[in-house]
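Chemist: Next up is a structure, given as structure tokens.
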Amino acid sequence: MRPHQKLEAWSKAIELVTDIYKSSEHFPREERYGLTGQIRRAAVSIPANPAEGAGRRSQKEFAYFLSNSQGSASELETELIIANRLGYLDETTFARLISQLERIGRLITGLSRHVGRESSIANAR
């Protein structure tokens, strides 16, 4: 098992990606290379960044990739709001996806704090 597969933030983000793909299947065809693609790329980036960061050599690098993951989560939130306002996502689906995203954001924030503490301890040695 790779290091990132042990992270709850990573596994919850993988679940979100699956839900995003299923929820965006019914977006208008003309959005395939527009909003649908943007939403899917942002969603995939959320678990991909911690996976890449966990495979790096330093805690500082890991923290950098966790920050990228948070950025992707913010991007996804914005795109989901747009999709909802355009009527591509019903209120129930929108609320569920936002709830998942908020939970993942909290997990990544906690992980970032932990990595920051570990990095500080390593630097003090």
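The chains in the structure tokens are called A, B, ... from first to last as shown; in each chain the residues are counted from 1, and the ligands are counted from 1 in the order shown.
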Report as a tab-separated table: every residue of segment 91-114 of chain A with an atom at most 12 Å from segment 46-55 of chain A, its closest pair of atoms, and their distance in Å to one decimal, counting only C-alpha atoms, with rows sorted by chain and ascending residue number.
Modeler:
residue	atom	partner	partner_atom	distance
A:Leu101	CA	A:Ile46	CA	9.6
A:Ile104	CA	A:Ile46	CA	8.9
A:Gly105	CA	A:Ile46	CA	9.5
A:Leu107	CA	A:Pro50	CA	11.4
A:Ile108	CA	A:Pro50	CA	8.7
A:Thr109	CA	A:Pro50	CA	11.8
A:Leu111	CA	A:Pro50	CA	9.8
A:Ser112	CA	A:Pro50	CA	10.1
Chemist: Using only C-alpha atoms, what does the table of segment 60-101 of chain A residues within 12 Å of segment 1-10 of chain A look like, with each row giving the shortest atom pair and its distance in Å to one decimal, sorted by chain and ascending number, as a Markdown table?
Modeler:
| residue | atom | partner | partner_atom | distance |
| --- | --- | --- | --- | --- |
| A:Phe62 | CA | A:His4 | CA | 10.6 |
| A:Phe65 | CA | A:His4 | CA | 11.9 |
| A:Leu66 | CA | A:Ala9 | CA | 10.1 |
| A:Ser69 | CA | A:Trp10 | CA | 10.1 |
| A:Gln70 | CA | A:Ala9 | CA | 11.0 |
| A:Ala73 | CA | A:Ala9 | CA | 11.8 |
| A:Gln100 | CA | A:Ala9 | CA | 10.6 |
| A:Leu101 | CA | A:Ala9 | CA | 10.2 |
Chemist: May I have the residues within 12 Å of Gly37 of chain A as a VMD selection string, using only C-alpha atoms and disregarding those fewer than 2 positions away in the same chain?
Modeler: chain A and resid 20 to 21 24 to 25 27 to 35 39 to 44 76 79 83
Chemist: Can I get the selected residues back with N, CA, C and O atoms, as a PDB file, in the first residue's frame?
Modeler:
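Generated output (result24.pdb):
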ATOM      1  N   ILE A  20     -18.490  13.073  -8.518  1.00  0.00           N
ATOM      2  CA  ILE A  20     -18.441  14.191  -9.468  1.00  0.00           C
ATOM      3  C   ILE A  20     -18.641  13.669 -10.892  1.00  0.00           C
ATOM      4  O   ILE A  20     -19.411  14.235 -11.674  1.00  0.00           O
ATOM      5  N   TYR A  21     -17.950  12.598 -11.239  1.00  0.00           N
ATOM      6  CA  TYR A  21     -18.093  12.037 -12.586  1.00  0.00           C
ATOM      7  C   TYR A  21     -19.537  11.591 -12.839  1.00  0.00           C
ATOM      8  O   TYR A  21     -20.100  11.882 -13.894  1.00  0.00           O
ATOM      9  N   SER A  24     -21.878  14.686 -13.110  1.00  0.00           N
ATOM     10  CA  SER A  24     -21.680  15.544 -14.283  1.00  0.00           C
ATOM     11  C   SER A  24     -21.976  14.825 -15.606  1.00  0.00           C
ATOM     12  O   SER A  24     -21.914  15.447 -16.666  1.00  0.00           O
ATOM     13  N   GLU A  25     -22.326  13.560 -15.544  1.00  0.00           N
ATOM     14  CA  GLU A  25     -22.671  12.814 -16.763  1.00  0.00           C
ATOM     15  C   GLU A  25     -23.827  13.444 -17.522  1.00  0.00           C
ATOM     16  O   GLU A  25     -23.909  13.324 -18.738  1.00  0.00           O
ATOM     17  N   PHE A  27     -24.646  16.695 -17.610  1.00  0.00           N
ATOM     18  CA  PHE A  27     -24.482  18.095 -17.995  1.00  0.00           C
ATOM     19  C   PHE A  27     -24.713  18.199 -19.504  1.00  0.00           C
ATOM     20  O   PHE A  27     -24.533  17.218 -20.228  1.00  0.00           O
ATOM     21  N   PRO A  28     -25.077  19.361 -19.979  1.00  0.00           N
ATOM     22  CA  PRO A  28     -25.282  19.515 -21.422  1.00  0.00           C
ATOM     23  C   PRO A  28     -24.045  19.118 -22.228  1.00  0.00           C
ATOM     24  O   PRO A  28     -22.914  19.352 -21.795  1.00  0.00           O
ATOM     25  N   ARG A  29     -24.282  18.530 -23.351  1.00  0.00           N
ATOM     26  CA  ARG A  29     -23.200  18.057 -24.217  1.00  0.00           C
ATOM     27  C   ARG A  29     -22.224  19.181 -24.578  1.00  0.00           C
ATOM     28  O   ARG A  29     -21.014  18.961 -24.657  1.00  0.00           O
ATOM     29  N   GLU A  30     -22.756  20.382 -24.784  1.00  0.00           N
ATOM     30  CA  GLU A  30     -21.873  21.501 -25.161  1.00  0.00           C
ATOM     31  C   GLU A  30     -20.925  21.912 -24.036  1.00  0.00           C
ATOM     32  O   GLU A  30     -19.974  22.646 -24.266  1.00  0.00           O
ATOM     33  N   GLU A  31     -21.157  21.424 -22.829  1.00  0.00           N
ATOM     34  CA  GLU A  31     -20.258  21.709 -21.703  1.00  0.00           C
ATOM     35  C   GLU A  31     -19.147  20.669 -21.557  1.00  0.00           C
ATOM     36  O   GLU A  31     -18.320  20.773 -20.662  1.00  0.00           O
ATOM     37  N   ARG A  32     -19.140  19.674 -22.421  1.00  0.00           N
ATOM     38  CA  ARG A  32     -18.169  18.586 -22.321  1.00  0.00           C
ATOM     39  C   ARG A  32     -16.730  19.091 -22.180  1.00  0.00           C
ATOM     40  O   ARG A  32     -15.964  18.596 -21.366  1.00  0.00           O
ATOM     41  N   TYR A  33     -16.360  20.075 -22.985  1.00  0.00           N
ATOM     42  CA  TYR A  33     -15.000  20.612 -22.930  1.00  0.00           C
ATOM     43  C   TYR A  33     -14.935  21.914 -22.152  1.00  0.00           C
ATOM     44  O   TYR A  33     -13.892  22.542 -22.068  1.00  0.00           O
ATOM     45  N   GLY A  34     -16.055  22.301 -21.573  1.00  0.00           N
ATOM     46  CA  GLY A  34     -16.125  23.513 -20.774  1.00  0.00           C
ATOM     47  C   GLY A  34     -16.208  23.167 -19.299  1.00  0.00           C
ATOM     48  O   GLY A  34     -15.279  22.600 -18.712  1.00  0.00           O
ATOM     49  N   LEU A  35     -17.351  23.473 -18.724  1.00  0.00           N
ATOM     50  CA  LEU A  35     -17.533  23.307 -17.284  1.00  0.00           C
ATOM     51  C   LEU A  35     -17.394  21.856 -16.828  1.00  0.00           C
ATOM     52  O   LEU A  35     -16.788  21.592 -15.784  1.00  0.00           O
ATOM     53  N   ILE A  39     -14.675  20.890 -14.000  1.00  0.00           N
ATOM     54  CA  ILE A  39     -15.097  20.287 -12.730  1.00  0.00           C
ATOM     55  C   ILE A  39     -14.374  18.961 -12.506  1.00  0.00           C
ATOM     56  O   ILE A  39     -13.874  18.685 -11.415  1.00  0.00           O
ATOM     57  N   ARG A  40     -14.300  18.159 -13.529  1.00  0.00           N
ATOM     58  CA  ARG A  40     -13.655  16.853 -13.388  1.00  0.00           C
ATOM     59  C   ARG A  40     -12.163  16.986 -13.131  1.00  0.00           C
ATOM     60  O   ARG A  40     -11.604  16.263 -12.298  1.00  0.00           O
ATOM     61  N   ARG A  41     -11.508  17.896 -13.825  1.00  0.00           N
ATOM     62  CA  ARG A  41     -10.060  18.091 -13.606  1.00  0.00           C
ATOM     63  C   ARG A  41      -9.776  18.582 -12.186  1.00  0.00           C
ATOM     64  O   ARG A  41      -8.844  18.106 -11.527  1.00  0.00           O
ATOM     65  N   ALA A  42     -10.574  19.540 -11.719  1.00  0.00           N
ATOM     66  CA  ALA A  42     -10.385  20.051 -10.358  1.00  0.00           C
ATOM     67  C   ALA A  42     -10.610  18.944  -9.334  1.00  0.00           C
ATOM     68  O   ALA A  42      -9.846  18.812  -8.369  1.00  0.00           O
ATOM     69  N   ALA A  43     -11.650  18.137  -9.548  1.00  0.00           N
ATOM     70  CA  ALA A  43     -11.941  17.042  -8.612  1.00  0.00           C
ATOM     71  C   ALA A  43     -10.801  16.035  -8.571  1.00  0.00           C
ATOM     72  O   ALA A  43     -10.372  15.614  -7.488  1.00  0.00           O
ATOM     73  N   VAL A  44     -10.287  15.654  -9.723  1.00  0.00           N
ATOM     74  CA  VAL A  44      -9.188  14.681  -9.792  1.00  0.00           C
ATOM     75  C   VAL A  44      -7.932  15.237  -9.131  1.00  0.00           C
ATOM     76  O   VAL A  44      -7.170  14.503  -8.489  1.00  0.00           O
ATOM     77  N   LEU A  76     -13.008  23.749  -7.319  1.00  0.00           N
ATOM     78  CA  LEU A  76     -14.155  22.867  -7.516  1.00  0.00           C
ATOM     79  C   LEU A  76     -15.408  23.455  -6.883  1.00  0.00           C
ATOM     80  O   LEU A  76     -16.490  23.415  -7.481  1.00  0.00           O
ATOM     81  N   GLU A  79     -16.815  26.044  -9.177  1.00  0.00           N
ATOM     82  CA  GLU A  79     -17.411  25.442 -10.374  1.00  0.00           C
ATOM     83  C   GLU A  79     -18.730  24.736 -10.061  1.00  0.00           C
ATOM     84  O   GLU A  79     -19.660  24.773 -10.879  1.00  0.00           O
ATOM     85  N   ALA A  83     -22.326  25.489 -11.685  1.00  0.00           N
ATOM     86  CA  ALA A  83     -23.156  24.415 -12.254  1.00  0.00           C
ATOM     87  C   ALA A  83     -24.543  24.404 -11.626  1.00  0.00           C
ATOM     88  O   ALA A  83     -25.551  24.209 -12.311  1.00  0.00           O
TER      89      ALA A  83
END
Chemist: List every residue of segment 11-84 of chain A that DSSP, applied to the backbone of this structure, places in alpha helix (DSSP H), and write the result as a PyMOL selection string.
Modeler: chain A and resi 11-24+35-54+59-84
Chemist: Mind pulling up the distance from atom CA of Ser58 of chain A to atom CA of Arg113 of chain A?
Modeler: 14.9 Å
Chemist: Could you jot down the atom CA of Ile14 of chain A to atom CA of Arg117 of chain A separation for me, Å, one decimal place?
Modeler: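 Between atom CA of Ile14 of chain A and atom CA of Arg117 of chain A the gap is 25.8 Å.
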